$ cat protein04.tsv   # TSV, C-alpha atoms
chain	number	residue	atom	x	y	z
A	98	ALA	CA	0.00	0.00	0.00
A	99	SER	CA	2.92	2.37	0.69
A	100	SER	CA	3.99	2.51	-2.98
A	101	GLN	CA	0.54	3.62	-4.08
A	102	GLN	CA	0.47	6.23	-1.30
A	103	GLN	CA	3.84	7.61	-2.38
A	104	GLN	CA	2.63	7.79	-5.95
A	105	GLN	CA	-0.47	9.72	-4.87
A	106	GLN	CA	1.66	12.27	-3.02
A	107	LYS	CA	4.10	12.73	-5.90
A	108	MET	CA	1.47	13.08	-8.58
A	109	GLY	CA	-0.69	15.63	-6.78
A	110	ALA	CA	-3.35	16.87	-9.18
A	111	TRP	CA	-1.64	15.37	-12.22
A	112	GLY	CA	-3.39	12.31	-13.52
A	113	LYS	CA	-6.78	13.10	-12.00
A	114	PRO	CA	-9.90	12.75	-14.15
A	115	ARG	CA	-11.01	16.05	-15.60
A	116	GLU	CA	-13.54	17.94	-13.53
A	117	THR	CA	-17.00	18.35	-15.01
A	118	SER	CA	-20.28	19.75	-13.79
A	119	GLN	CA	-21.46	16.17	-13.29
A	120	ALA	CA	-18.31	15.05	-11.45
A	121	GLN	CA	-20.17	14.63	-8.15
A	122	ALA	CA	-23.12	12.69	-9.59
A	123	PRO	CA	-23.64	9.30	-7.90
A	124	LEU	CA	-21.60	6.55	-9.52
A	125	GLN	CA	-24.08	4.11	-11.05
A	126	SER	CA	-22.04	1.98	-13.44
A	127	VAL	CA	-18.54	1.16	-14.66
A	128	GLN	CA	-17.78	0.65	-18.35
A	129	ILE	CA	-14.54	-1.12	-19.21
A	130	ASP	CA	-13.00	-1.58	-22.62
A	131	GLY	CA	-12.59	-5.17	-23.79
A	132	ARG	CA	-8.88	-4.63	-24.44
A	133	ALA	CA	-8.36	-3.57	-20.83
A	134	VAL	CA	-10.19	-6.70	-19.67
A	135	LEU	CA	-7.83	-8.90	-21.68
A	136	LYS	CA	-4.80	-7.13	-20.19
A	137	ILE	CA	-6.09	-7.69	-16.66
A	138	ILE	CA	-6.84	-11.38	-17.32
A	139	ARG	CA	-3.42	-12.02	-18.84
A	140	HIS	CA	-1.55	-10.26	-16.04
A	141	CYS	CA	-3.44	-12.00	-13.23
A	142	ALA	CA	-3.22	-15.45	-14.85
A	143	ALA	CA	0.53	-15.16	-15.44
A	144	PHE	CA	1.30	-14.78	-11.71
A	145	THR	CA	-1.36	-16.99	-10.09
A	146	PRO	CA	-1.50	-17.55	-7.10
A	147	THR	CA	0.71	-14.52	-6.35
A	148	PRO	CA	-1.43	-11.38	-5.99
A	149	VAL	CA	-0.77	-8.65	-8.54
A	150	THR	CA	-2.05	-5.12	-8.98
A	151	GLY	CA	-2.23	-2.50	-11.68
A	152	GLU	CA	-3.47	0.97	-12.56
A	153	LEU	CA	-6.79	1.74	-14.24
A	154	LEU	CA	-6.98	4.65	-16.68
A	155	GLY	CA	-10.01	6.27	-18.20
A	156	LEU	CA	-12.60	9.02	-17.88
A	157	ASP	CA	-15.12	10.03	-15.22
A	158	ILE	CA	-18.21	11.08	-17.16
A	159	GLY	CA	-21.49	11.75	-15.39
A	160	SER	CA	-22.74	8.70	-13.54
A	161	THR	CA	-20.47	6.31	-15.48
A	162	LEU	CA	-16.79	5.64	-14.90
A	163	GLU	CA	-15.18	4.63	-18.20
A	164	ILE	CA	-12.05	2.45	-18.04
A	165	THR	CA	-10.25	2.60	-21.36
A	166	ASP	CA	-6.80	1.21	-20.52
A	167	CYS	CA	-4.60	-0.18	-17.76
A	168	PHE	CA	-1.02	-1.15	-17.01
A	169	PRO	CA	0.51	-3.54	-14.43
A	170	PHE	CA	2.59	-2.57	-11.42
A	171	PRO	CA	6.06	-4.14	-11.15
A	172	THR	CA	6.13	-7.47	-9.34
A	173	GLU	CA	9.20	-8.27	-7.28
A	174	SER	CA	10.17	-11.53	-5.64
A	175	HIS	CA	10.51	-11.72	-1.86
A	176	GLU	CA	14.32	-11.82	-2.14
A	177	GLN	CA	14.41	-8.74	-4.38
A	178	GLY	CA	12.08	-6.86	-2.09
A	179	SER	CA	14.18	-7.61	0.99
A	180	LYS	CA	17.40	-6.44	-0.70
A	181	ASN	CA	15.99	-3.24	-2.15
A	182	ASN	CA	14.98	-0.81	0.60
A	183	ASP	CA	13.77	1.70	-1.98
A	184	SER	CA	11.41	-0.70	-3.78
A	185	ASP	CA	8.34	1.36	-2.88
A	186	SER	CA	9.90	4.53	-4.24
A	187	VAL	CA	10.98	2.74	-7.41
A	188	SER	CA	7.44	1.43	-7.91
A	189	ALA	CA	5.97	4.93	-7.48
A	190	ASP	CA	8.48	6.38	-9.96
A	191	TYR	CA	7.60	3.62	-12.42
A	192	GLN	CA	3.90	4.49	-12.27
A	193	ILE	CA	4.58	8.18	-12.86
A	194	SER	CA	6.91	7.36	-15.76
A	195	MET	CA	4.31	5.07	-17.36
A	196	MET	CA	1.59	7.70	-17.16
A	197	HIS	CA	3.94	10.32	-18.60
A	198	CYS	CA	4.75	8.04	-21.56
A	199	LEU	CA	1.05	7.40	-22.18
A	200	ARG	CA	0.41	11.12	-22.11
A	201	GLU	CA	3.14	11.71	-24.70
A	202	ILE	CA	1.43	9.36	-27.19
A	203	ASN	CA	-2.05	10.80	-26.53
A	204	VAL	CA	-3.40	7.77	-24.69
A	205	ASP	CA	-5.82	8.23	-21.78
A	206	ASN	CA	-3.67	8.79	-18.71
A	207	ASN	CA	-6.32	9.83	-16.19
A	208	MET	CA	-6.14	7.60	-13.13
A	209	VAL	CA	-9.54	6.19	-12.16
A	210	GLY	CA	-8.60	3.35	-9.81
A	211	MET	CA	-6.72	0.08	-9.59
A	212	TYR	CA	-7.14	-3.60	-10.32
A	213	MET	CA	-5.92	-6.62	-8.41
A	214	SER	CA	-6.09	-10.38	-8.54
A	215	SER	CA	-7.73	-12.57	-5.94
A	216	TYR	CA	-7.23	-16.24	-5.14
A	217	LEU	CA	-10.28	-18.43	-4.62
A	218	GLY	CA	-12.46	-15.36	-4.21
A	219	SER	CA	-10.53	-13.87	-1.27
A	220	TYR	CA	-9.84	-10.14	-1.54
A	221	GLN	CA	-11.16	-8.32	1.55
A	222	THR	CA	-7.86	-7.53	3.25
A	223	GLU	CA	-6.68	-4.59	5.34
A	224	ALA	CA	-3.94	-3.87	2.80
A	225	LEU	CA	-6.53	-3.42	0.03
A	226	ILE	CA	-8.64	-1.16	2.24
A	227	GLU	CA	-5.68	1.06	3.13
A	228	THR	CA	-4.61	1.29	-0.51
A	229	PHE	CA	-8.14	2.11	-1.58
A	230	LEU	CA	-8.39	4.86	1.04
A	231	SER	CA	-5.18	6.41	-0.27
A	232	TYR	CA	-6.73	6.50	-3.74
A	233	GLN	CA	-9.93	8.09	-2.48
A	234	GLU	CA	-7.99	10.90	-0.82
A	235	SER	CA	-7.23	12.32	-4.27
A	236	LEU	CA	-9.97	10.63	-6.33
A	237	SER	CA	-13.46	11.01	-4.91
A	238	ARG	CA	-14.79	8.40	-7.34
A	239	CYS	CA	-12.49	5.49	-8.00
A	240	VAL	CA	-13.04	1.76	-8.28
A	241	CYS	CA	-11.10	-1.44	-7.84
A	242	ILE	CA	-11.52	-4.21	-10.41
A	243	ILE	CA	-11.14	-7.66	-8.81
A	244	HIS	CA	-10.35	-10.63	-11.04
A	245	ASP	CA	-10.12	-14.23	-9.83
A	246	PRO	CA	-8.17	-16.29	-12.41
A	247	THR	CA	-8.97	-19.56	-10.59
A	248	SER	CA	-12.65	-19.08	-11.47
A	249	VAL	CA	-11.77	-19.23	-15.17
A	250	ALA	CA	-9.41	-22.19	-14.81
A	251	GLU	CA	-11.73	-24.32	-12.66
A	252	ARG	CA	-15.25	-23.38	-13.77
A	253	GLY	CA	-14.84	-21.49	-17.05
A	254	VAL	CA	-16.48	-18.42	-15.53
A	255	LEU	CA	-15.04	-14.92	-15.90
A	256	SER	CA	-14.96	-13.45	-12.39
A	257	LEU	CA	-14.75	-9.68	-12.72
A	258	LYS	CA	-16.09	-7.24	-10.11
A	259	ALA	CA	-16.04	-3.46	-9.79
A	260	LEU	CA	-15.89	-2.45	-6.14
A	261	ARG	CA	-15.67	0.72	-4.09
A	262	LEU	CA	-15.60	1.36	-0.35
A	263	SER	CA	-19.01	2.15	1.06
A	264	ASP	CA	-19.53	5.66	2.41
A	265	ALA	CA	-20.56	4.28	5.80
A	266	PHE	CA	-17.32	2.31	6.14
A	267	VAL	CA	-15.13	5.24	5.03
A	268	ALA	CA	-16.70	7.43	7.72
A	269	PHE	CA	-16.20	4.64	10.28
A	270	TYR	CA	-12.57	4.01	9.31
A	271	LYS	CA	-11.57	7.68	9.70
A	272	ASN	CA	-12.84	7.79	13.29
A	273	ASN	CA	-12.16	4.29	14.62
A	274	THR	CA	-9.55	1.57	14.84
A	275	PHE	CA	-10.04	-1.06	12.17
A	276	THR	CA	-10.83	-4.22	14.16
A	277	THR	CA	-13.61	-6.78	13.96
A	278	GLU	CA	-14.91	-5.75	17.38
A	279	GLN	CA	-15.12	-2.07	16.39
A	280	ILE	CA	-16.94	-2.98	13.18
A	281	HIS	CA	-19.58	-4.94	15.11
A	282	LYS	CA	-19.96	-2.13	17.66
A	283	ALA	CA	-20.63	0.32	14.83
A	284	GLY	CA	-23.37	-1.94	13.48
A	285	LEU	CA	-21.49	-2.70	10.25
A	286	GLN	CA	-21.20	-6.10	8.59
A	287	LEU	CA	-18.03	-7.42	6.97
A	288	ASP	CA	-19.87	-7.73	3.66
A	289	SER	CA	-20.83	-4.03	3.81
A	290	ILE	CA	-17.24	-2.77	3.64
A	291	PHE	CA	-17.32	-2.84	-0.16
A	292	GLU	CA	-20.19	-2.14	-2.48
A	293	GLU	CA	-20.33	-3.62	-5.96
A	294	ILE	CA	-20.93	-1.33	-8.95
A	295	PRO	CA	-22.58	-2.72	-12.11
A	296	LEU	CA	-19.83	-3.51	-14.62
A	297	HIS	CA	-20.29	-3.47	-18.41
A	298	VAL	CA	-17.72	-4.57	-21.00
A	299	HIS	CA	-17.63	-2.30	-24.03
A	300	ASN	CA	-15.99	-2.83	-27.43
A	301	SER	CA	-15.54	-0.30	-30.19
A	302	ALA	CA	-17.44	-0.65	-33.45
A	303	LEU	CA	-14.28	-1.82	-35.24
A	304	VAL	CA	-13.64	-4.57	-32.69
A	305	SER	CA	-17.27	-5.69	-32.84
A	306	ALA	CA	-17.10	-5.84	-36.63
A	307	LEU	CA	-13.88	-7.88	-36.49
A	308	MET	CA	-15.37	-10.34	-33.99
A	309	SER	CA	-18.42	-10.82	-36.20
A	310	THR	CA	-16.21	-11.77	-39.14
A	311	LEU	CA	-14.21	-14.24	-37.00
A	312	ALA	CA	-17.29	-15.95	-35.59
A	313	PRO	CA	-18.18	-19.12	-37.57
A	314	ALA	CA	-21.60	-19.46	-39.12
A	315	PRO	CA	-24.02	-21.38	-36.84
A	316	GLU	CA	-24.74	-24.05	-39.44
A	317	LEU	CA	-21.01	-24.78	-39.81
A	318	MET	CA	-20.43	-25.46	-36.10
A	319	SER	CA	-20.98	-29.01	-34.92
A	320	ASN	CA	-21.72	-30.18	-31.39
A	321	ALA	CA	-18.12	-31.32	-31.04
A	322	ASP	CA	-16.88	-27.82	-31.87
A	323	SER	CA	-19.19	-26.34	-29.23
A	324	ASP	CA	-17.90	-28.80	-26.62
A	325	ARG	CA	-14.29	-27.79	-27.30
A	326	LEU	CA	-15.17	-24.12	-26.72
A	327	ASN	CA	-16.68	-24.90	-23.31
A	328	LEU	CA	-14.21	-23.72	-20.62
A	329	ASP	CA	-15.99	-25.53	-17.80
A	330	ALA	CA	-13.58	-28.24	-16.61
A	331	SER	CA	-16.40	-30.17	-14.96
A	332	ALA	CA	-18.42	-30.47	-18.17
$ encode --input "protein04.tsv" --output "structure tokens"
Amino acid sequence: ASSQQQQQQKMGAWGKPRETSQAQAPLQSVQIDGRAVLKIIRHCAAFTPTPVTGELLGLDIGSTLEITDCFPFPTESHEQGSKNNDSDSVSADYQISMMHCLREINVDNNMVGMYMSSYLGSYQTEALIETFLSYQESLSRCVCIIHDPTSVAERGVLSLKALRLSDAFVAFYKNNTFTTEQIHKAGLQLDSIFEEIPLHVHNSALVSALMSTLAPAPELMSNADSDRLNLDASA
């Protein structure tokens, strides 16, 4: 979490979504580009079961948060991390450098949140909460995309969630010590820490047209072909 916090302090206002008259409208949905989804899936699957994280880039428009691109954060082994005392600073510098390069080639470089992998559906950790709070200090509306690669490998189901910290929990966290006892005293439930935002995958017209040309005609696909496309290992 410290590397993300350092990056937030260094960047300041740079990299924030542009302010609009609708910037404070309630966040109702998240739209993510199909290319960004593929990047997240590939990154998370390559390091399973090691947790990985990355930056989400896009636009904050009205009640919809649009995610148009992303890039991964550097992943270091335990030995490398123990030898390099400045690993957090290096990671923060890497993020700033990446966003500067994207800006130079006119790619969306507005930070709108982060993504991370989970293992067997487990993601509600104190480290994630602290990192998310550091994001919300500079971004009033940001999300975290959670992807579980084991869900694809075992059941053929794409597990992709868009989460944000609930307003009630943020108010509680600022005034209390984060313990299970304090959460129960405040009348909060563990499943109310995060709230899920409806997530929609969007593809451009060119990508949709390409996919339609690659899709085989229904009459040419046999039952055997359909069975091979089924990702469900239990089928």
$ closest_residue --input "protein04.tsv" --among "A:Leu257, A:Leu296, A:Val267, A:Val204" --to "A:Gln233" --atoms "all atoms listed in the file"
A:Val267
$ closest_residue --input "protein04.tsv" --among "A:Gln279, A:Ser263, A:Gln286, A:Thr161" --to "A:Val209" --atoms "all atoms listed in the file"
A:Thr161
$ closest_residue --input "protein04.tsv" --among "A:Met195, A:Cys167, A:Ile137, A:Val127" --to "A:Val240" --atoms "all atoms listed in the file"
A:Val127
$ closest_residue --input "protein04.tsv" --among "A:Met211, A:Leu230, A:Glu251, A:Ile294" --to "A:Tyr270" --atoms "only C-alpha atoms"
A:Leu230
$ closest_residue --input "protein04.tsv" --among "A:Ser219, A:Leu153, A:Glu293, A:Ser160" --to "A:Asp130" --atoms "all atoms listed in the file"
A:Leu153
$ residues_around --input "protein04.tsv" --residues "A:Thr247" --least-positions-apart "5" --cutoff "9 Å" --atoms "only C-alpha atoms" --output "number ranges by chain"
A: 142, 145-146, 215-218, 252-253, 256
$ residues_around --input "protein04.tsv" --residues "A:Leu285" --least-positions-apart "2" --cutoff "12 Å" --atoms "only C-alpha atoms" --output "ChimeraX atom specification"
/A:263-270,275-283,287-291
$ closest_residue --input "protein04.tsv" --among "A:Pro148, A:Gly131, A:Gly210, A:Pro246" --to "A:Leu162" --atoms "only C-alpha atoms"
A:Gly210
$ atom_distance --input "protein04.tsv" --atom1 "atom CA of A:Gln221" --atom2 "atom CA of A:Asp205"
29.1 Å
$ atom_distance --input "protein04.tsv" --atom1 "atom CA of A:Leu262" --atom2 "atom CA of A:Gly155"
19.3 Å
$ atom_distance --input "protein04.tsv" --atom1 "atom CA of A:Met213" --atom2 "atom CA of A:Phe168"
11.3 Å
